[in-house]
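Visitor: Before I ask anything, here is the structure I am working with.
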Amino acid sequence: MIAPLGIAVFGNRILVSQPPELLIYTDVDNNLKFDPKVDKREVLLTGFFGENHDHSLHAGTAGPSGKWYINQGNCGAEFTDKSGRTFRIGSSYRGGGKRGVEISGMKSDDGYIWVGGFIGRMNPDGTNVEIVGHNMRNSYEHTVNSLGEIFQSDNDDPPACRNSYVLEYGSAGFFSANGMISWETSRRPGQSIPVAHWRQEDPGFMPSGDVYGSGSPTGVAFYENGALPEKYNGMYLAAEAAQRVIFQYFPKTDGAGYEMKRSNFVQTNNKGNSFNFRPSDVEVGADGAIYICDWYDSRVGGHGTNDNSRSGAIYRIAPKGFKAPELKPDTQSITGLIELLKSPSDNVRFLAVEKLKKAGEKVLPALQKLMTHKNKWIAARAIWILPYLGDKGKQLCEKSLKNNDENIRMVAFKALRRAGIDMLSYCQKLAVDSSSLVRREVAIALRTFSLKDKQSILLKLYELWDGQDKTYLEAIGLCVTGQEAEFWKVLKAQKSNQPWNDKFARMTWRLYPEAAIPELMARANDAKLSEAQRKLAVDTIAFVEGKAAPEAMLKLYLQNGPEKEYAHMWLNLNFDGNKWDGLIDRDLVAEKAGVIKPGKPVPYKHPEPPKKRDVPVMADILKLKGDAERGKVSAARCAMCHKMGELGSLFGPSLNGWGKSRSSEQIVTAILNPDQDIAHGYHSSRVYLKNGEVIDGLVKSGAKRAWHFVNIKNGDSFLIIKTIGGQTQKISWRHIKECRPLKASMMLYPESMGLSKAQDFADIAEYLKTLK
């Protein structure tokens, strides 16, 4: 095996994430040893991109309905499930190889477009795969609690790591909807990095949750019951390797989503070797304790290791005097299975779910008793079994749809849906439920129905929306995927000749139908409306598909209305990102609105690395006491590539917050040997021009992100490349011969920037520790 990133144990079945394969081992004789003559090793699924890559296939987990969940980073995948359906999930990220780029924006056999990192849900035999969340960057793990709610952490490019609730089928927003345009290219003037990074002001993306800044998020878990005091029930835990901490959240219902308030569950004391604490995972054990896995290194993994001792540790957190109970699971009796269903461990509970679903009506009395348990998480687990237990079980689940607790109603609805029952009649009844959580689930369940079948239900859901709840809005948007224009016409007909209100304007923004353009233009030019209302109209036009959008935006600019300059911003942004190129004549737009055309390419060939190094040795640097003020002056030369405070360029990763989680030795190592570790997403390319010159830099957009896979094709308008100093060039394909990855890194070595004294390095290290 080569760097498998996930392992999950379900009784005698062990699920191992080994790209390109998802493997399943079966310990047939239950002796905890692999014997190829007796035991089984099978490929459950294959086609996950990113072999020996940390943006690849991660952890497998069990959900409360008996489904398995898998998690893949934005290397993407092309795989066929055991039901014969093929999923094509790509993006412009080069880690997915040539095929990952080629399939970006293509529909999967389920009829939908999925991009980037994703979460999949499936039967344990590999059939009936569903993509339940996508367009993440590199979510290492997700967790599914007993209410069926999914939470995950996700990695960043610059400082924008986060923990969030995952809306089913939702897009996290790392790439554009087709996977080909980076968030940097789509970033509007004045947008903060967290807002732009997760496209929080663009339609079609779910709320970003708690964006906490720089870091390296890894494993997550949801604690519902166990050895800890009751106050910890309902705790979401997230391991953060770079910040050397385990975050804790108690997600609180907020409309159709959740409020995520962060605090620290476990953190290092920043003394001695604590700088090497790198939590790679956190789990709830079968004994109810919390387990933390620490790979122990001065680096956060992904690209290499520094710990030659090959150390590591697993920590158990439990109350003082805790003694792990002797676990002897009884999987034969009803009483034993109910006890297993109470287990603190989700993978252990799976064993009970799997058997109880096949047990028939005889287990109903025990499940009914469990539904009265004082712990709401344990009580909810029984509901998931009911739809599989004949008519009586189904009726009991239906009765739960009338429970006073919104969580019970939501779980009962989900349980019926997971069992494959036709949901239309239930949707009709619950469309006016008092809970936004329940109505959110109704919208999601209607996604595959025709608009004719769900139209009346959708109108009720719309009427009960408060006009503000973004999770609820996105649930309706996902419900009408591919039917947006039709649904907008239905809504418009309901309003007849009534004037627009803010609620209808926001729904129009989410649906962005071409038919709305005339009225949107009128709103954009209406001086009686507020600036925010007018700009929302312009934003909506900007996301309309097809040539009508750039034509309308150009008209807005030429009409000299109150949002003339805002329209000009969108013209520049969408032509810069290649979104509108080829739809209308760029020369005309350049002439009428001054939108910049690709100019003559300016060559830039990065200097070769020094063959002989002339820098001080580490030991001499670490003897010195650093001065942050002097370090700020010395570090100014690093601003050509890095952001430090408010100064600098984002050619390379931001250094804000980077030094706070590292020791002096780790910081100095990165300065002395800048090519030792290159952050994912910052690998350089060389554009070969037809005149024989080259441009070295980071390809950000255009030309199908050609990289080294294909020559630039005439159908692509231009390529965007960023060079050192943050300068961006737009290069017409007419000038380009090909584009290939740069073998050497685009790093500036300290001696080339005049850094040669040991004191300079000590000062810079001290300064970088102060940046937040």
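Just remember, in the structure tokens the first chain shown is A, the second B, etc., residues are 1-based per chain, and ligands are 1-based in the order shown.
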Where does DSSP see helix (DSSP H, G or I) in stretch 68-263 of chain A, if you list the residues as a PyMOL selection string?

Guide: chain A and resi 94-102+183-186+193-197+230-232

Visitor: Keeping only N, CA, C and O atoms, write the selected residues as a PDB file, in the first residue's frame.

Guide:
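Produced file again-v7.pdb, reproduced below:
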ATOM      1  N   ARG A  94      -4.859  20.172 -10.738  1.00  0.00           N
ATOM      2  CA  ARG A  94      -3.955  19.278 -11.463  1.00  0.00           C
ATOM      3  C   ARG A  94      -3.698  17.956 -10.745  1.00  0.00           C
ATOM      4  O   ARG A  94      -3.252  16.988 -11.355  1.00  0.00           O
ATOM      5  N   GLY A  95      -4.017  17.885  -9.463  1.00  0.00           N
ATOM      6  CA  GLY A  95      -3.802  16.645  -8.731  1.00  0.00           C
ATOM      7  C   GLY A  95      -4.631  15.494  -9.262  1.00  0.00           C
ATOM      8  O   GLY A  95      -4.304  14.327  -9.025  1.00  0.00           O
ATOM      9  N   GLY A  96      -5.726  15.810  -9.990  1.00  0.00           N
ATOM     10  CA  GLY A  96      -6.573  14.773 -10.549  1.00  0.00           C
ATOM     11  C   GLY A  96      -6.082  14.251 -11.879  1.00  0.00           C
ATOM     12  O   GLY A  96      -6.741  13.376 -12.486  1.00  0.00           O
ATOM     13  N   GLY A  97      -4.949  14.767 -12.355  1.00  0.00           N
ATOM     14  CA  GLY A  97      -4.394  14.294 -13.612  1.00  0.00           C
ATOM     15  C   GLY A  97      -5.189  14.765 -14.814  1.00  0.00           C
ATOM     16  O   GLY A  97      -6.147  15.538 -14.721  1.00  0.00           O
ATOM     17  N   LYS A  98      -4.814  14.286 -15.971  1.00  0.00           N
ATOM     18  CA  LYS A  98      -5.435  14.691 -17.234  1.00  0.00           C
ATOM     19  C   LYS A  98      -6.934  14.416 -17.242  1.00  0.00           C
ATOM     20  O   LYS A  98      -7.736  15.257 -17.624  1.00  0.00           O
ATOM     21  N   ARG A  99      -7.325  13.229 -16.787  1.00  0.00           N
ATOM     22  CA  ARG A  99      -8.734  12.860 -16.841  1.00  0.00           C
ATOM     23  C   ARG A  99      -9.571  13.712 -15.900  1.00  0.00           C
ATOM     24  O   ARG A  99     -10.723  14.034 -16.204  1.00  0.00           O
ATOM     25  N   GLY A 100      -9.000  14.110 -14.777  1.00  0.00           N
ATOM     26  CA  GLY A 100      -9.727  14.966 -13.844  1.00  0.00           C
ATOM     27  C   GLY A 100     -10.114  16.296 -14.453  1.00  0.00           C
ATOM     28  O   GLY A 100     -11.190  16.842 -14.175  1.00  0.00           O
ATOM     29  N   VAL A 101      -9.232  16.817 -15.317  1.00  0.00           N
ATOM     30  CA  VAL A 101      -9.527  18.070 -16.018  1.00  0.00           C
ATOM     31  C   VAL A 101     -10.542  17.833 -17.125  1.00  0.00           C
ATOM     32  O   VAL A 101     -11.490  18.598 -17.307  1.00  0.00           O
ATOM     33  N   GLU A 102     -10.365  16.748 -17.852  1.00  0.00           N
ATOM     34  CA  GLU A 102     -11.226  16.469 -19.011  1.00  0.00           C
ATOM     35  C   GLU A 102     -12.696  16.295 -18.628  1.00  0.00           C
ATOM     36  O   GLU A 102     -13.596  16.713 -19.356  1.00  0.00           O
ATOM     37  N   TRP A 183     -11.501  30.383  -7.345  1.00  0.00           N
ATOM     38  CA  TRP A 183     -12.142  31.443  -6.561  1.00  0.00           C
ATOM     39  C   TRP A 183     -11.364  32.765  -6.682  1.00  0.00           C
ATOM     40  O   TRP A 183     -11.962  33.837  -6.635  1.00  0.00           O
ATOM     41  N   GLU A 184     -10.037  32.684  -6.854  1.00  0.00           N
ATOM     42  CA  GLU A 184      -9.260  33.932  -7.007  1.00  0.00           C
ATOM     43  C   GLU A 184      -9.695  34.697  -8.252  1.00  0.00           C
ATOM     44  O   GLU A 184      -9.799  35.924  -8.244  1.00  0.00           O
ATOM     45  N   THR A 185      -9.941  33.947  -9.335  1.00  0.00           N
ATOM     46  CA  THR A 185     -10.356  34.587 -10.579  1.00  0.00           C
ATOM     47  C   THR A 185     -11.747  35.203 -10.425  1.00  0.00           C
ATOM     48  O   THR A 185     -12.036  36.245 -11.021  1.00  0.00           O
ATOM     49  N   SER A 186     -12.590  34.578  -9.606  1.00  0.00           N
ATOM     50  CA  SER A 186     -13.961  35.060  -9.424  1.00  0.00           C
ATOM     51  C   SER A 186     -14.080  36.105  -8.314  1.00  0.00           C
ATOM     52  O   SER A 186     -15.164  36.661  -8.120  1.00  0.00           O
ATOM     53  N   ILE A 193     -11.304  37.328   1.865  1.00  0.00           N
ATOM     54  CA  ILE A 193     -10.907  35.993   1.421  1.00  0.00           C
ATOM     55  C   ILE A 193     -11.928  34.933   1.831  1.00  0.00           C
ATOM     56  O   ILE A 193     -12.325  34.111   1.007  1.00  0.00           O
ATOM     57  N   PRO A 194     -12.407  34.901   3.099  1.00  0.00           N
ATOM     58  CA  PRO A 194     -13.391  33.868   3.448  1.00  0.00           C
ATOM     59  C   PRO A 194     -14.659  33.928   2.592  1.00  0.00           C
ATOM     60  O   PRO A 194     -15.211  32.890   2.218  1.00  0.00           O
ATOM     61  N   VAL A 195     -15.124  35.122   2.267  1.00  0.00           N
ATOM     62  CA  VAL A 195     -16.334  35.262   1.452  1.00  0.00           C
ATOM     63  C   VAL A 195     -16.065  34.813   0.024  1.00  0.00           C
ATOM     64  O   VAL A 195     -16.843  34.055  -0.569  1.00  0.00           O
ATOM     65  N   ALA A 196     -14.952  35.246  -0.546  1.00  0.00           N
ATOM     66  CA  ALA A 196     -14.638  34.897  -1.931  1.00  0.00           C
ATOM     67  C   ALA A 196     -14.267  33.426  -2.062  1.00  0.00           C
ATOM     68  O   ALA A 196     -14.658  32.753  -3.023  1.00  0.00           O
ATOM     69  N   HIS A 197     -13.504  32.926  -1.111  1.00  0.00           N
ATOM     70  CA  HIS A 197     -12.982  31.553  -1.168  1.00  0.00           C
ATOM     71  C   HIS A 197     -14.107  30.530  -1.267  1.00  0.00           C
ATOM     72  O   HIS A 197     -14.007  29.552  -2.001  1.00  0.00           O
ATOM     73  N   GLU A 230     -22.688  14.393  30.778  1.00  0.00           N
ATOM     74  CA  GLU A 230     -23.783  14.633  29.843  1.00  0.00           C
ATOM     75  C   GLU A 230     -23.670  15.971  29.105  1.00  0.00           C
ATOM     76  O   GLU A 230     -24.192  16.111  27.999  1.00  0.00           O
ATOM     77  N   LYS A 231     -23.012  16.942  29.704  1.00  0.00           N
ATOM     78  CA  LYS A 231     -22.922  18.257  29.058  1.00  0.00           C
ATOM     79  C   LYS A 231     -22.175  18.197  27.723  1.00  0.00           C
ATOM     80  O   LYS A 231     -22.271  19.121  26.908  1.00  0.00           O
ATOM     81  N   TYR A 232     -21.444  17.114  27.483  1.00  0.00           N
ATOM     82  CA  TYR A 232     -20.709  16.977  26.226  1.00  0.00           C
ATOM     83  C   TYR A 232     -21.539  16.310  25.123  1.00  0.00           C
ATOM     84  O   TYR A 232     -21.094  16.243  23.977  1.00  0.00           O
TER      85      TYR A 232
END

Visitor: Please provide the set of residues having any atom within 9 Å of A:Glu545, restricted to only C-alpha atoms, with same-chain residues fewer than 6 positions apart removed, written as a list of chain:residue names.

Guide: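 Result of the neighbour search: A:Tyr512, A:Pro513, A:Glu514.
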
Visitor: Keeping N, CA, C and O atoms, export the residues of the selection given above as an mmCIF file, in the first residue's frame.

Guide:
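Result saved to selection.cif:
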data_model
loop_
_atom_site.group_PDB
_atom_site.id
_atom_site.type_symbol
_atom_site.label_atom_id
_atom_site.label_comp_id
_atom_site.auth_asym_id
_atom_site.auth_seq_id
_atom_site.Cartn_x
_atom_site.Cartn_y
_atom_site.Cartn_z
ATOM 1 N N TYR A 512 -31.493 32.829 -11.136
ATOM 2 C CA TYR A 512 -30.905 33.600 -12.242
ATOM 3 C C TYR A 512 -31.382 33.167 -13.636
ATOM 4 O O TYR A 512 -30.593 32.793 -14.506
ATOM 5 N N PRO A 513 -32.698 33.288 -13.897
ATOM 6 C CA PRO A 513 -33.224 32.904 -15.220
ATOM 7 C C PRO A 513 -33.042 34.020 -16.250
ATOM 8 O O PRO A 513 -33.101 35.213 -15.914
ATOM 9 N N GLU A 514 -32.825 33.638 -17.478
ATOM 10 C CA GLU A 514 -32.655 34.624 -18.548
ATOM 11 C C GLU A 514 -33.904 35.489 -18.709
ATOM 12 O O GLU A 514 -33.817 36.679 -19.018
#

Visitor: So the first atom is atom CA of A:Gln200 and the second is atom CA of A:Met569; what is the distance between them in Å, to one decimal place?

Guide: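 So the two atoms, atom CA of A:Gln200 and atom CA of A:Met569, lie 18.1 Å apart.
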
Visitor: So which residues touch A:Pro4 within 12 Å, counting only C-alpha atoms, skipping near sequence neighbours fewer than 3 positions away, as a list of chain:residue names?

Guide: A:Met1, A:Ile7, A:Ala8, A:Leu15, A:Val16, A:Ser17, A:Gln18, A:Pro19, A:Pro20, A:Glu21, A:Leu22, A:Leu23, A:Gly50, A:Glu51, A:Asn52, A:His53, A:Asp54, A:His55, A:Ser56, A:Leu57, A:His58, A:Ala59, A:Gly60, A:Gly302

Visitor: Could you pull the residues within 9 Å of A:Ala62, counting only C-alpha atoms, minus those fewer than 4 positions along the same chain, as a list in words?

Guide: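 In the requested format, the answer is Ala8, Phe10, Gly66, Lys67, Trp68, Tyr69, Ile70, Thr143, Val144, Asp346, Asn347, Val348, Arg349 and Phe350 of chain A.
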
Visitor: Report as a list in words: the residues of stretch 269-508 of chain A with a DSSP assignment of strand (DSSP E), based on the backbone of this structure.

Guide: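 Filtering stretch 269-508 of chain A to strand (DSSP E) leaves Pro279, Ser280, Asp281, Val282, Glu283, Val284, Ile290, Tyr291, Ile292, Cys293, Asp294, Ala313, Ile314, Tyr315, Arg316 and Ile317 of chain A.
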
Visitor: Residues near A:Glu339, anyone? I mean within 10 Å using only C-alpha atoms, not counting same-chain ones fewer than 4 positions away, as a list in words.

Guide: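 In the requested format, the answer is Pro329, Asp330, Thr331, Ser333, Ile334, Thr335, Ser343, Arg349, Ala352 and Leu370 of chain A.
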
Visitor: For atom CA of A:Glu486 and atom CA of A:Asp202, determine how far apart the two atoms are, in Å to one decimal place.

Guide: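 Computing it gives 20.7 Å between the two atoms.
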
Visitor: Quick one: of A:Trp500, A:Trp570, A:Lys429, A:Lys611, who's nearest to A:Val595, counting only C-alpha atoms?

Guide: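 Checking each candidate against A:Val595, we get A:Trp570 as the closest.
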
Visitor: Could you check which of A:Asn128, A:Asp154, A:Asp35, A:Lys700 is closest to A:Asn74, using only C-alpha atoms?

Guide: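 For A:Asn74, the nearest of the candidates is A:Asp154.
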
Visitor: Can you pull out every residue within 10 Å of A:Thr508, counting only C-alpha atoms, but drop anything in the same chain fewer than 4 positions away, and send it as a PyMOL selection string?

Guide: chain A and resi 203+484-485+487-488+491-492+502-504+512-513+516+520+536-537+540-541

Visitor: Counting only C-alpha atoms, which residues of stretch 212-265 of chain A sit at most 10 Å from some atom of stretch 282-293 of chain A, and what is each one's closest atom pair with its distance in Å to one decimal, listed by chain and rising residue number, as a Markdown table?

Guide:
| residue | atom | partner | partner_atom | distance |
| --- | --- | --- | --- | --- |
| A:Thr218 | CA | A:Val282 | CA | 8.6 |
| A:Gly219 | CA | A:Val282 | CA | 5.7 |
| A:Val220 | CA | A:Val282 | CA | 5.7 |
| A:Ala221 | CA | A:Glu283 | CA | 5.4 |
| A:Phe222 | CA | A:Val284 | CA | 7.5 |
| A:Tyr223 | CA | A:Val284 | CA | 6.5 |
| A:Glu224 | CA | A:Val284 | CA | 9.1 |
| A:Asn225 | CA | A:Gly288 | CA | 6.9 |
| A:Gly226 | CA | A:Gly288 | CA | 3.8 |
| A:Ala227 | CA | A:Gly288 | CA | 4.6 |
| A:Leu228 | CA | A:Ala289 | CA | 7.0 |
| A:Leu237 | CA | A:Val282 | CA | 7.2 |
| A:Ala238 | CA | A:Val282 | CA | 7.1 |
| A:Ala239 | CA | A:Val282 | CA | 6.2 |
| A:Glu240 | CA | A:Val282 | CA | 9.8 |
| A:Ile246 | CA | A:Val282 | CA | 8.0 |

Visitor: Restricted to N, CA and C atoms, what would the selected residues look like written as a PDB file, in the first residue's frame?

Guide:
ATOM      1  N   THR A 218      -8.131  18.037   9.882  1.00  0.00           N
ATOM      2  CA  THR A 218      -8.028  16.605   9.569  1.00  0.00           C
ATOM      3  C   THR A 218      -9.314  15.886   9.991  1.00  0.00           C
ATOM      4  N   GLY A 219      -9.238  14.964  10.943  1.00  0.00           N
ATOM      5  CA  GLY A 219     -10.389  14.145  11.281  1.00  0.00           C
ATOM      6  C   GLY A 219     -11.425  14.857  12.134  1.00  0.00           C
ATOM      7  N   VAL A 220     -12.663  14.363  12.086  1.00  0.00           N
ATOM      8  CA  VAL A 220     -13.763  14.922  12.864  1.00  0.00           C
ATOM      9  C   VAL A 220     -14.572  13.796  13.491  1.00  0.00           C
ATOM     10  N   ALA A 221     -15.374  14.120  14.496  1.00  0.00           N
ATOM     11  CA  ALA A 221     -16.236  13.131  15.147  1.00  0.00           C
ATOM     12  C   ALA A 221     -17.391  13.860  15.816  1.00  0.00           C
ATOM     13  N   PHE A 222     -18.455  13.120  16.090  1.00  0.00           N
ATOM     14  CA  PHE A 222     -19.618  13.686  16.783  1.00  0.00           C
ATOM     15  C   PHE A 222     -19.876  12.837  18.022  1.00  0.00           C
ATOM     16  N   TYR A 223     -19.791  13.479  19.180  1.00  0.00           N
ATOM     17  CA  TYR A 223     -19.980  12.772  20.460  1.00  0.00           C
ATOM     18  C   TYR A 223     -21.431  12.935  20.911  1.00  0.00           C
ATOM     19  N   GLU A 224     -22.118  11.807  21.162  1.00  0.00           N
ATOM     20  CA  GLU A 224     -23.531  11.841  21.544  1.00  0.00           C
ATOM     21  C   GLU A 224     -23.795  11.223  22.917  1.00  0.00           C
ATOM     22  N   ASN A 225     -22.977  10.253  23.270  1.00  0.00           N
ATOM     23  CA  ASN A 225     -23.090   9.598  24.580  1.00  0.00           C
ATOM     24  C   ASN A 225     -21.808   8.827  24.817  1.00  0.00           C
ATOM     25  N   GLY A 226     -21.554   8.515  26.086  1.00  0.00           N
ATOM     26  CA  GLY A 226     -20.336   7.763  26.390  1.00  0.00           C
ATOM     27  C   GLY A 226     -19.825   8.028  27.779  1.00  0.00           C
ATOM     28  N   ALA A 227     -18.507   8.059  27.916  1.00  0.00           N
ATOM     29  CA  ALA A 227     -17.871   8.145  29.226  1.00  0.00           C
ATOM     30  C   ALA A 227     -17.829   9.562  29.782  1.00  0.00           C
ATOM     31  N   LEU A 228     -17.989  10.552  28.942  1.00  0.00           N
ATOM     32  CA  LEU A 228     -17.891  11.941  29.376  1.00  0.00           C
ATOM     33  C   LEU A 228     -19.192  12.395  30.039  1.00  0.00           C
ATOM     34  N   LEU A 237     -16.453  17.467  17.205  1.00  0.00           N
ATOM     35  CA  LEU A 237     -15.019  17.660  17.419  1.00  0.00           C
ATOM     36  C   LEU A 237     -14.288  17.688  16.090  1.00  0.00           C
ATOM     37  N   ALA A 238     -13.298  18.573  15.961  1.00  0.00           N
ATOM     38  CA  ALA A 238     -12.545  18.710  14.714  1.00  0.00           C
ATOM     39  C   ALA A 238     -11.063  18.848  15.020  1.00  0.00           C
ATOM     40  N   ALA A 239     -10.273  17.908  14.507  1.00  0.00           N
ATOM     41  CA  ALA A 239      -8.824  17.951  14.706  1.00  0.00           C
ATOM     42  C   ALA A 239      -8.199  18.972  13.765  1.00  0.00           C
ATOM     43  N   GLU A 240      -7.282  19.755  14.283  1.00  0.00           N
ATOM     44  CA  GLU A 240      -6.617  20.813  13.514  1.00  0.00           C
ATOM     45  C   GLU A 240      -5.114  20.670  13.716  1.00  0.00           C
ATOM     46  N   ILE A 246      -7.743  20.482  19.155  1.00  0.00           N
ATOM     47  CA  ILE A 246      -9.006  19.836  18.810  1.00  0.00           C
ATOM     48  C   ILE A 246     -10.100  20.857  19.108  1.00  0.00           C
TER      49      ILE A 246
END

Visitor: Report, in Å to a single decimal, how far apart atom CA of A:Ala431 and atom CA of A:Lys495 are.

Guide: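 Between atom CA of A:Lys495 and atom CA of A:Ala431 the gap is 20.1 Å.
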